[in-house]
file structure-v5.cif (mmCIF, C-alpha atoms)
data_query
loop_
_atom_site.group_PDB
_atom_site.id
_atom_site.type_symbol
_atom_site.label_atom_id
_atom_site.label_comp_id
_atom_site.auth_asym_id
_atom_site.auth_seq_id
_atom_site.Cartn_x
_atom_site.Cartn_y
_atom_site.Cartn_z
ATOM 1 C CA MET A 1 -2.618 -19.655 -2.021
ATOM 2 C CA ARG A 2 0.305 -17.808 -3.574
ATOM 3 C CA GLU A 3 -2.034 -15.188 -5.010
ATOM 4 C CA PHE A 4 -3.663 -14.685 -1.579
ATOM 5 C CA LEU A 5 -0.266 -14.159 0.086
ATOM 6 C CA ALA A 6 0.791 -11.717 -2.632
ATOM 7 C CA ASN A 7 -2.407 -9.669 -2.267
ATOM 8 C CA THR A 8 -2.012 -9.625 1.544
ATOM 9 C CA ARG A 9 1.587 -8.460 1.259
ATOM 10 C CA ALA A 10 0.581 -5.653 -1.125
ATOM 11 C CA LEU A 11 -2.196 -4.508 1.223
ATOM 12 C CA LEU A 12 0.133 -4.392 4.241
ATOM 13 C CA PHE A 13 2.731 -2.478 2.233
ATOM 14 C CA ALA A 14 0.136 0.103 1.130
ATOM 15 C CA ILE A 15 -1.007 0.609 4.751
ATOM 16 C CA ALA A 16 2.608 1.100 5.845
ATOM 17 C CA VAL A 17 3.229 3.639 3.095
ATOM 18 C CA HIS A 18 0.148 5.638 4.098
ATOM 19 C CA LEU A 19 1.262 5.646 7.734
ATOM 20 C CA ILE A 20 4.690 6.934 6.683
ATOM 21 C CA VAL A 21 3.098 9.691 4.582
ATOM 22 C CA ALA A 22 0.873 10.710 7.481
ATOM 23 C CA ALA A 23 3.889 10.856 9.814
ATOM 24 C CA LEU A 24 5.806 13.009 7.346
ATOM 25 C CA VAL A 25 2.881 15.395 7.055
ATOM 26 C CA VAL A 26 2.622 15.732 10.842
ATOM 27 C CA LEU A 27 6.336 16.255 11.208
ATOM 28 C CA GLY A 28 6.271 18.792 8.416
ATOM 29 C CA THR A 29 3.749 20.897 10.246
ATOM 30 C CA ILE A 30 5.965 21.121 13.391
ATOM 31 C CA SER A 31 8.067 24.271 13.579
ATOM 32 C CA TRP A 32 11.633 23.530 14.777
ATOM 33 C CA GLN A 33 12.636 27.188 15.051
ATOM 34 C CA PRO A 34 13.378 28.581 18.578
ATOM 35 C CA PHE A 35 10.416 30.328 20.087
ATOM 36 C CA LYS A 36 10.441 34.040 19.539
ATOM 37 C CA PRO A 37 7.999 36.562 20.802
ATOM 38 C CA PRO A 38 5.614 37.590 18.107
ATOM 39 C CA ALA A 39 6.176 40.923 16.545
ATOM 40 C CA ILE A 40 3.591 42.656 14.475
ATOM 41 C CA THR A 41 5.682 43.553 11.463
ATOM 42 C CA GLY A 42 5.388 42.963 7.735
ATOM 43 C CA MET A 43 8.652 41.043 7.639
ATOM 44 C CA THR A 44 7.433 38.534 10.266
ATOM 45 C CA ILE A 45 4.255 37.749 8.274
ATOM 46 C CA GLU A 46 6.282 37.156 5.096
ATOM 47 C CA ALA A 47 8.583 34.656 6.915
ATOM 48 C CA VAL A 48 5.568 32.643 8.097
ATOM 49 C CA MET A 49 4.264 32.417 4.533
ATOM 50 C CA VAL A 50 7.601 31.138 3.223
ATOM 51 C CA ASP A 51 7.741 28.448 5.912
ATOM 52 C CA THR A 52 4.178 27.255 5.015
ATOM 53 C CA GLY A 53 5.107 26.912 1.325
ATOM 54 C CA SER A 54 8.112 24.826 2.255
ATOM 55 C CA ILE A 55 5.956 22.571 4.425
ATOM 56 C CA ILE A 56 3.473 22.077 1.595
ATOM 57 C CA LYS A 57 6.292 21.294 -0.837
ATOM 58 C CA ARG A 58 7.782 18.707 1.538
ATOM 59 C CA ARG A 59 4.320 17.167 2.028
ATOM 60 C CA GLU A 60 3.787 16.953 -1.741
ATOM 61 C CA GLN A 61 7.203 15.367 -2.177
ATOM 62 C CA ALA A 62 6.354 12.827 0.528
ATOM 63 C CA GLU A 63 3.030 12.028 -1.098
ATOM 64 C CA GLN A 64 4.743 11.671 -4.503
ATOM 65 C CA ALA A 65 7.305 9.318 -2.976
ATOM 66 C CA ALA A 66 4.508 7.321 -1.342
ATOM 67 C CA ARG A 67 2.622 7.057 -4.643
ATOM 68 C CA GLU A 68 5.755 5.924 -6.443
ATOM 69 C CA ALA A 69 6.373 3.336 -3.751
ATOM 70 C CA VAL A 70 2.791 2.063 -4.088
ATOM 71 C CA GLN A 71 3.209 1.899 -7.851
ATOM 72 C CA ARG A 72 6.482 -0.025 -7.513
ATOM 73 C CA GLU A 73 4.848 -2.484 -5.169
ATOM 74 C CA ALA A 74 1.864 -2.851 -7.491
ATOM 75 C CA GLU A 75 4.246 -3.481 -10.414
ATOM 76 C CA LYS A 76 6.082 -6.046 -8.319
ATOM 77 C CA VAL A 77 2.804 -7.773 -7.442
ATOM 78 C CA ARG A 78 1.782 -7.723 -11.124
ATOM 79 C CA ARG A 79 5.093 -9.295 -12.179
ATOM 80 C CA GLU A 80 4.753 -11.950 -9.494
ATOM 81 C CA LYS A 81 1.213 -12.670 -10.689
ATOM 82 C CA GLN A 82 2.419 -12.979 -14.283
ATOM 83 C CA LEU A 83 5.153 -15.333 -13.144
ATOM 84 C CA GLN A 84 2.573 -17.421 -11.275
ATOM 85 C CA GLU A 85 0.387 -17.501 -14.386
ATOM 86 C CA ARG A 86 3.320 -18.668 -16.524
ATOM 87 C CA GLU A 87 4.165 -21.336 -13.960
ATOM 88 C CA LYS A 88 0.532 -22.433 -13.918
ATOM 89 C CA GLN A 89 0.434 -22.578 -17.724
ATOM 90 C CA LEU A 90 3.669 -24.576 -17.738
ATOM 91 C CA GLU A 91 2.209 -27.051 -15.253
ATOM 92 C CA GLU A 92 -0.945 -27.338 -17.355
ATOM 93 C CA ARG A 93 1.191 -27.881 -20.477
ATOM 94 C CA LYS A 94 3.160 -30.616 -18.725
ATOM 95 C CA GLU A 95 -0.076 -32.268 -17.611
ATOM 96 C CA GLN A 96 -1.491 -32.031 -21.115
ATOM 97 C CA LEU A 97 1.699 -33.480 -22.619
ATOM 98 C CA LYS A 98 1.569 -36.317 -20.098
ATOM 99 C CA LYS A 99 -2.021 -37.073 -21.054
ATOM 100 C CA GLN A 100 -1.108 -37.009 -24.736
ATOM 101 C CA GLN A 101 1.746 -39.446 -24.167
ATOM 102 C CA GLU A 102 -0.570 -41.731 -22.202
ATOM 103 C CA GLN A 103 -3.188 -41.478 -24.958
ATOM 104 C CA GLN A 104 -0.565 -42.289 -27.612
ATOM 105 C CA ALA A 105 0.586 -45.273 -25.582
ATOM 106 C CA ARG A 106 -2.998 -46.540 -25.288
ATOM 107 C CA GLU A 107 -3.574 -46.007 -28.997
ATOM 108 C CA LYS A 108 -0.342 -47.830 -29.846
ATOM 109 C CA ALA A 109 -1.339 -50.757 -27.650
ATOM 110 C CA ALA A 110 -4.803 -50.806 -29.200
ATOM 111 C CA ALA A 111 -3.295 -50.706 -32.700
ATOM 112 C CA ALA A 112 -0.986 -53.616 -31.864
ATOM 113 C CA ALA A 113 -3.907 -55.622 -30.496
ATOM 114 C CA ALA A 114 -5.973 -54.777 -33.559
ATOM 115 C CA GLU A 115 -3.115 -55.855 -35.876
ATOM 116 C CA LYS A 116 -2.780 -59.138 -34.020
ATOM 117 C CA GLN A 117 -6.498 -59.739 -34.270
ATOM 118 C CA ARG A 118 -6.383 -58.818 -37.956
ATOM 119 C CA LEU A 119 -3.710 -61.419 -38.654
ATOM 120 C CA ILE A 120 -5.786 -64.025 -36.827
ATOM 121 C CA ASP A 121 -8.890 -63.059 -38.763
ATOM 122 C CA GLN A 122 -6.916 -63.047 -42.018
ATOM 123 C CA ALA A 123 -5.673 -66.582 -41.369
ATOM 124 C CA GLU A 124 -9.220 -67.715 -40.592
ATOM 125 C CA VAL A 125 -10.529 -66.068 -43.731
ATOM 126 C CA LYS A 126 -7.814 -67.777 -45.818
ATOM 127 C CA ARG A 127 -8.697 -71.163 -44.370
ATOM 128 C CA GLU A 128 -12.377 -70.613 -45.108
ATOM 129 C CA GLU A 129 -11.499 -69.379 -48.612
ATOM 130 C CA ASP A 130 -9.460 -72.556 -49.291
ATOM 131 C CA ILE A 131 -12.403 -74.693 -48.209
ATOM 132 C CA ARG A 132 -14.764 -72.643 -50.365
ATOM 133 C CA LEU A 133 -12.474 -72.950 -53.420
ATOM 134 C CA GLN A 134 -12.236 -76.713 -52.993
ATOM 135 C CA LYS A 135 -15.993 -77.051 -52.840
ATOM 136 C CA MET A 136 -16.321 -74.710 -55.830
ATOM 137 C CA ARG A 137 -13.918 -76.851 -57.915
ATOM 138 C CA GLU A 138 -15.856 -79.974 -57.056
ATOM 139 C CA LYS A 139 -19.104 -78.253 -57.977
ATOM 140 C CA GLN A 140 -17.632 -76.977 -61.247
ATOM 141 C CA ALA A 141 -16.622 -80.508 -62.233
ATOM 142 C CA ALA A 142 -20.133 -81.758 -61.526
ATOM 143 C CA ASP A 143 -21.606 -78.823 -63.391
ATOM 144 C CA ARG A 144 -19.417 -79.545 -66.421
ATOM 145 C CA GLU A 145 -20.655 -83.131 -66.571
ATOM 146 C CA ALA A 146 -24.249 -81.986 -66.248
ATOM 147 C CA ALA A 147 -23.698 -79.251 -68.836
ATOM 148 C CA GLU A 148 -22.186 -81.738 -71.306
ATOM 149 C CA LYS A 149 -25.176 -84.041 -70.989
ATOM 150 C CA LYS A 150 -27.532 -81.084 -71.293
ATOM 151 C CA ARG A 151 -25.675 -79.859 -74.382
ATOM 152 C CA GLU A 152 -26.009 -83.234 -76.057
ATOM 153 C CA ASP A 153 -29.734 -83.287 -75.289
ATOM 154 C CA GLU A 154 -30.106 -79.748 -76.595
ATOM 155 C CA MET A 155 -28.212 -80.562 -79.798
ATOM 156 C CA LYS A 156 -30.594 -83.421 -80.454
ATOM 157 C CA LYS A 157 -33.531 -81.172 -79.755
ATOM 158 C CA LEU A 158 -32.074 -78.415 -81.964
ATOM 159 C CA ARG A 159 -31.693 -80.818 -84.891
ATOM 160 C CA GLU A 160 -35.336 -81.744 -84.538
ATOM 161 C CA GLN A 161 -36.301 -78.063 -84.271
ATOM 162 C CA ARG A 162 -34.135 -77.196 -87.286
ATOM 163 C CA ASP A 163 -35.923 -79.680 -89.453
ATOM 164 C CA LYS A 164 -39.248 -78.339 -88.276
ATOM 165 C CA ALA A 165 -38.048 -74.743 -88.710
ATOM 166 C CA ALA A 166 -37.073 -75.417 -92.307
ATOM 167 C CA LYS A 167 -40.594 -76.506 -93.041
ATOM 168 C CA ASP A 168 -42.023 -73.542 -91.135
ATOM 169 C CA ALA A 169 -39.636 -71.164 -92.909
ATOM 170 C CA LYS A 170 -40.858 -72.266 -96.274
ATOM 171 C CA LEU A 171 -44.432 -71.633 -95.199
ATOM 172 C CA GLN A 172 -43.430 -68.295 -93.633
ATOM 173 C CA GLU A 173 -41.654 -67.258 -96.832
ATOM 174 C CA GLU A 174 -44.831 -67.746 -98.776
ATOM 175 C CA LYS A 175 -46.765 -65.724 -96.203
ATOM 176 C CA LEU A 176 -44.132 -62.939 -96.325
ATOM 177 C CA LYS A 177 -44.361 -62.739 -100.089
ATOM 178 C CA GLN A 178 -48.104 -62.380 -99.862
ATOM 179 C CA MET A 179 -47.758 -59.771 -97.078
ATOM 180 C CA ALA A 180 -45.150 -57.814 -99.110
ATOM 181 C CA ALA A 181 -47.500 -57.749 -102.086
ATOM 182 C CA ARG A 182 -50.306 -56.413 -99.886
ATOM 183 C CA GLN A 183 -47.970 -53.814 -98.313
ATOM 184 C CA LYS A 184 -46.835 -52.648 -101.755
ATOM 185 C CA GLN A 185 -50.429 -52.238 -102.836
ATOM 186 C CA GLU A 186 -51.180 -50.269 -99.646
ATOM 187 C CA ALA A 187 -48.070 -48.096 -100.140
ATOM 188 C CA ASP A 188 -49.047 -47.332 -103.724
ATOM 189 C CA ARG A 189 -52.539 -46.386 -102.611
ATOM 190 C CA GLN A 190 -51.143 -44.176 -99.821
ATOM 191 C CA LYS A 191 -48.823 -42.421 -102.282
ATOM 192 C CA GLN A 192 -51.772 -41.716 -104.558
ATOM 193 C CA VAL A 193 -53.749 -40.279 -101.625
ATOM 194 C CA GLU A 194 -50.789 -38.112 -100.518
ATOM 195 C CA ALA A 195 -50.244 -36.903 -104.090
ATOM 196 C CA ALA A 196 -53.897 -35.937 -104.340
ATOM 197 C CA GLU A 197 -53.753 -34.115 -100.975
ATOM 198 C CA GLU A 198 -50.570 -32.292 -102.012
ATOM 199 C CA MET A 199 -52.189 -31.196 -105.268
ATOM 200 C CA GLN A 200 -55.177 -29.889 -103.322
ATOM 201 C CA ARG A 201 -52.866 -27.987 -100.953
ATOM 202 C CA GLN A 202 -50.969 -26.451 -103.861
ATOM 203 C CA MET A 203 -54.194 -25.453 -105.563
ATOM 204 C CA ALA A 204 -55.490 -23.959 -102.341
ATOM 205 C CA SER A 205 -52.160 -22.149 -101.799
ATOM 206 C CA GLU A 206 -52.194 -20.789 -105.318
ATOM 207 C CA ALA A 207 -55.792 -19.709 -104.913
ATOM 208 C CA ARG A 208 -54.913 -18.051 -101.613
ATOM 209 C CA ALA A 209 -51.911 -16.333 -103.208
ATOM 210 C CA GLY A 210 -54.121 -15.093 -106.027
ATOM 211 C CA GLU A 211 -56.666 -13.800 -103.546
ATOM 212 C CA MET A 212 -53.945 -12.037 -101.529
ATOM 213 C CA ALA A 213 -52.448 -10.528 -104.701
ATOM 214 C CA ASP A 214 -55.861 -9.342 -105.804
ATOM 215 C CA LEU A 215 -56.539 -7.967 -102.303
ATOM 216 C CA ALA A 216 -53.153 -6.189 -102.267
ATOM 217 C CA GLY A 217 -53.925 -4.655 -105.673
ATOM 218 C CA ARG A 218 -57.296 -3.351 -104.489
ATOM 219 C CA TYR A 219 -55.583 -2.075 -101.296
ATOM 220 C CA GLN A 220 -53.053 -0.158 -103.406
ATOM 221 C CA LEU A 221 -55.821 1.337 -105.548
ATOM 222 C CA GLU A 222 -57.793 2.356 -102.436
ATOM 223 C CA ILE A 223 -54.739 4.132 -101.019
ATOM 224 C CA GLN A 224 -54.090 5.786 -104.388
ATOM 225 C CA ALA A 225 -57.676 6.997 -104.567
ATOM 226 C CA GLN A 226 -57.720 8.312 -100.991
ATOM 227 C CA VAL A 227 -54.401 10.133 -101.291
ATOM 228 C CA GLN A 228 -55.295 11.552 -104.692
ATOM 229 C CA SER A 229 -58.629 12.806 -103.367
ATOM 230 C CA ASN A 230 -56.717 14.784 -100.698
ATOM 231 C CA TRP A 231 -54.007 15.972 -103.103
ATOM 232 C CA LEU A 232 -53.945 19.666 -103.906
ATOM 233 C CA ARG A 233 -52.065 19.469 -107.182
ATOM 234 C CA PRO A 234 -49.626 22.355 -107.584
ATOM 235 C CA PRO A 235 -49.237 24.047 -110.989
ATOM 236 C CA THR A 236 -45.765 22.566 -111.377
ATOM 237 C CA ALA A 237 -47.030 18.943 -111.278
ATOM 238 C CA ARG A 238 -46.537 17.233 -114.641
ATOM 239 C CA SER A 239 -48.102 14.175 -116.263
ATOM 240 C CA GLY A 240 -46.162 10.944 -115.822
ATOM 241 C CA LEU A 241 -45.479 11.664 -112.152
ATOM 242 C CA ARG A 242 -44.033 8.676 -110.229
ATOM 243 C CA CYS A 243 -43.106 9.081 -106.577
ATOM 244 C CA THR A 244 -42.504 6.495 -103.851
ATOM 245 C CA LEU A 245 -43.642 7.478 -100.359
ATOM 246 C CA LYS A 246 -42.860 5.599 -97.169
ATOM 247 C CA ILE A 247 -45.944 5.665 -94.944
ATOM 248 C CA VAL A 248 -45.961 4.523 -91.307
ATOM 249 C CA GLN A 249 -49.368 3.633 -89.858
ATOM 250 C CA ILE A 250 -50.879 1.765 -86.942
ATOM 251 C CA PRO A 251 -53.584 -0.945 -86.948
ATOM 252 C CA GLY A 252 -56.783 0.829 -87.945
ATOM 253 C CA GLY A 253 -55.017 2.767 -90.709
ATOM 254 C CA GLU A 254 -54.108 5.935 -88.781
ATOM 255 C CA VAL A 255 -51.090 7.599 -90.399
ATOM 256 C CA ILE A 256 -48.141 8.263 -88.107
ATOM 257 C CA SER A 257 -45.728 9.731 -90.653
ATOM 258 C CA ALA A 258 -45.117 10.062 -94.395
ATOM 259 C CA ALA A 259 -42.009 10.947 -96.369
ATOM 260 C CA ILE A 260 -40.614 10.722 -99.902
ATOM 261 C CA SER A 261 -38.584 7.525 -100.178
ATOM 262 C CA GLY A 262 -36.870 6.133 -103.237
ATOM 263 C CA SER A 263 -37.294 7.497 -106.731
ATOM 264 C CA CYS A 264 -39.434 10.556 -107.414
ATOM 265 C CA ASN A 265 -39.518 12.626 -110.645
ATOM 266 C CA ALA A 266 -41.381 15.577 -109.106
ATOM 267 C CA ASP A 267 -40.106 18.982 -108.055
ATOM 268 C CA GLU A 268 -39.887 20.083 -104.453
ATOM 269 C CA ALA A 269 -43.320 21.730 -104.359
ATOM 270 C CA THR A 270 -44.991 18.611 -105.765
ATOM 271 C CA ARG A 271 -43.147 16.413 -103.284
ATOM 272 C CA ARG A 272 -44.375 18.516 -100.389
ATOM 273 C CA SER A 273 -47.923 18.407 -101.752
ATOM 274 C CA LEU A 274 -47.827 14.564 -101.891
ATOM 275 C CA VAL A 275 -46.646 14.283 -98.265
ATOM 276 C CA ALA A 276 -49.324 16.811 -97.254
ATOM 277 C CA ALA A 277 -51.975 14.774 -99.097
ATOM 278 C CA VAL A 278 -51.132 11.666 -97.058
ATOM 279 C CA GLU A 279 -51.110 13.635 -93.824
ATOM 280 C CA ARG A 280 -54.370 15.357 -94.790
ATOM 281 C CA ALA A 281 -56.000 11.968 -95.369
ATOM 282 C CA GLY A 282 -55.272 11.143 -91.713
ATOM 283 C CA SER A 283 -55.911 7.419 -92.090
ATOM 284 C CA LEU A 284 -55.685 4.865 -94.881
ATOM 285 C CA PRO A 285 -58.139 2.064 -95.764
ATOM 286 C CA TYR A 286 -58.019 -0.737 -93.199
ATOM 287 C CA ARG A 287 -61.335 -2.652 -92.817
ATOM 288 C CA GLY A 288 -61.362 -5.567 -95.217
ATOM 289 C CA TYR A 289 -57.602 -5.296 -95.835
ATOM 290 C CA GLU A 290 -56.387 -6.685 -92.487
ATOM 291 C CA ASP A 291 -54.621 -9.641 -94.184
ATOM 292 C CA VAL A 292 -52.410 -7.364 -96.309
ATOM 293 C CA PHE A 293 -51.989 -4.589 -93.736
ATOM 294 C CA GLN A 294 -48.407 -3.528 -92.918
ATOM 295 C CA ARG A 295 -47.213 -0.891 -90.468
ATOM 296 C CA GLU A 296 -44.727 0.445 -93.008
ATOM 297 C CA ILE A 297 -45.576 0.522 -96.709
ATOM 298 C CA ASP A 298 -43.812 1.900 -99.774
ATOM 299 C CA PHE A 299 -46.647 3.537 -101.697
ATOM 300 C CA ILE A 300 -46.056 4.523 -105.358
ATOM 301 C CA PHE A 301 -48.115 7.589 -106.250
ATOM 302 C CA THR A 302 -48.762 8.080 -109.972
ATOM 303 C CA TYR A 303 -50.308 10.911 -111.924
ATOM 304 C CA ASP A 304 -51.123 11.251 -115.623
ATOM 305 C CA ASP A 305 -53.163 13.887 -117.414
ATOM 306 C CA GLY A 306 -55.858 11.303 -118.093
ATOM 307 C CA ASP A 307 -56.281 10.444 -114.338
#
call {"tool": "encode", "arguments": {"input": "structure-v5.cif", "output": "structure tokens"}}
result
Amino acid sequence: MREFLANTRALLFAIAVHLIVAALVVLGTISWQPFKPPAITGMTIEAVMVDTGSIIKRREQAEQAAREAVQREAEKVRREKQLQEREKQLEERKEQLKKQQEQQAREKAAAAAAEKQRLIDQAEVKREEDIRLQKMREKQAADREAAEKKREDEMKKLREQRDKAAKDAKLQEEKLKQMAARQKQEADRQKQVEAAEEMQRQMASEARAGEMADLAGRYQLEIQAQVQSNWLRPPTARSGLRCTLKIVQIPGGEVISAAISGSCNADEATRRSLVAAVERAGSLPYRGYEDVFQREIDFIFTYDDGD
């Protein structure tokens, strides 16, 4: 309701301001000078133009004043609206605080009732616990008597079982001795079997090692023969030549690279001829030597006058 009255008051004020502006404009257009006969002169025309500019200026000033008045009224309405909003928020805050206080009072009353009920329940639980403990003590006494009688019966039975167990133990001891003798015999036999198997594995391993060594020797000779067959011996090569070449190859024997590596008692020309011999060969022996094949090998090239 307050907002409606404020909006109505602002509307009426704006209408009044516009009516005032309109009246000022009309009054500004009225000439208050005494009537003079018109004279067709340049000076008369210039006076009329100055009067019109003054009228326009007064009308603009009136409009500016009206706009400022409207703005002041709008600002006043805005401030009143803000004040109403703050009052509304304050009322809502008071209502909320009242509800919180009421809720706290209800919760406090509920907590007091719950505490009272808890004390009652606690007393009831204690009474029931006392009754339960009394019955438990009576039962424990009866159980002790029954347990004592049962223990005596069990002791008698245990003595009888002990006597029987002694006899059984003697028989079991004899059986265990016989079983231990059989187990020892079985263990000895198993050790003999394992020793025989181990000897066979060692023999097989040694045979395999011998085969691999023999295969590696033949592989070395094959490489020596193939490289030597592609070697263009330079005049400077001398008997007793020993050069180590590092050869890189791929599965299949194709040579990727070759270079002098390690000791070599040859001159530079001979060294170049050995590397060229490997490269000229293109590939090294592979089929049949798969088990000893290596991507990188250190090949010792030898040359003697008798070769």
call {"tool": "closest_residue", "arguments": {"input": "structure-v5.cif", "among": "A:Val278, A:Leu158, A:Ala169, A:Leu97", "to": "A:Gln228", "atoms": "all atoms listed in the file"}}
result
A:Val278
call {"tool": "closest_residue", "arguments": {"input": "structure-v5.cif", "among": "A:Gln96, A:Gln104, A:Thr270, A:Gln220", "to": "A:Pro235", "atoms": "all atoms listed in the file"}}
result
A:Thr270
call {"tool": "axis_aligned_box", "arguments": {"input": "structure-v5.cif", "around": "stretch 77-86 of chain A", "padding_each_side": "8 Å", "output": "AutoDock Vina command-line options"}}
result
--center_x 2.8 --center_y -13.2 --center_z -12.0 --size_x 20.8 --size_y 26.9 --size_z 25.1
call {"tool": "atom_distance", "arguments": {"input": "structure-v5.cif", "atom1": "atom CA of A:Glu279", "atom2": "atom CA of A:Ala258"}}
result
7.0 Å
call {"tool": "atom_distance", "arguments": {"input": "structure-v5.cif", "atom1": "atom CA of A:Arg58", "atom2": "atom CA of A:Val77"}}
result
28.4 Å
call {"tool": "resolve_selection", "arguments": {"input": "structure-v5.cif", "expression": "the PyMOL selection byres ((chain A and resi 237) around 9)", "output": "ChimeraX atom specification"}}
result
/A:233-236,238-239,241,266-267,269-270,303
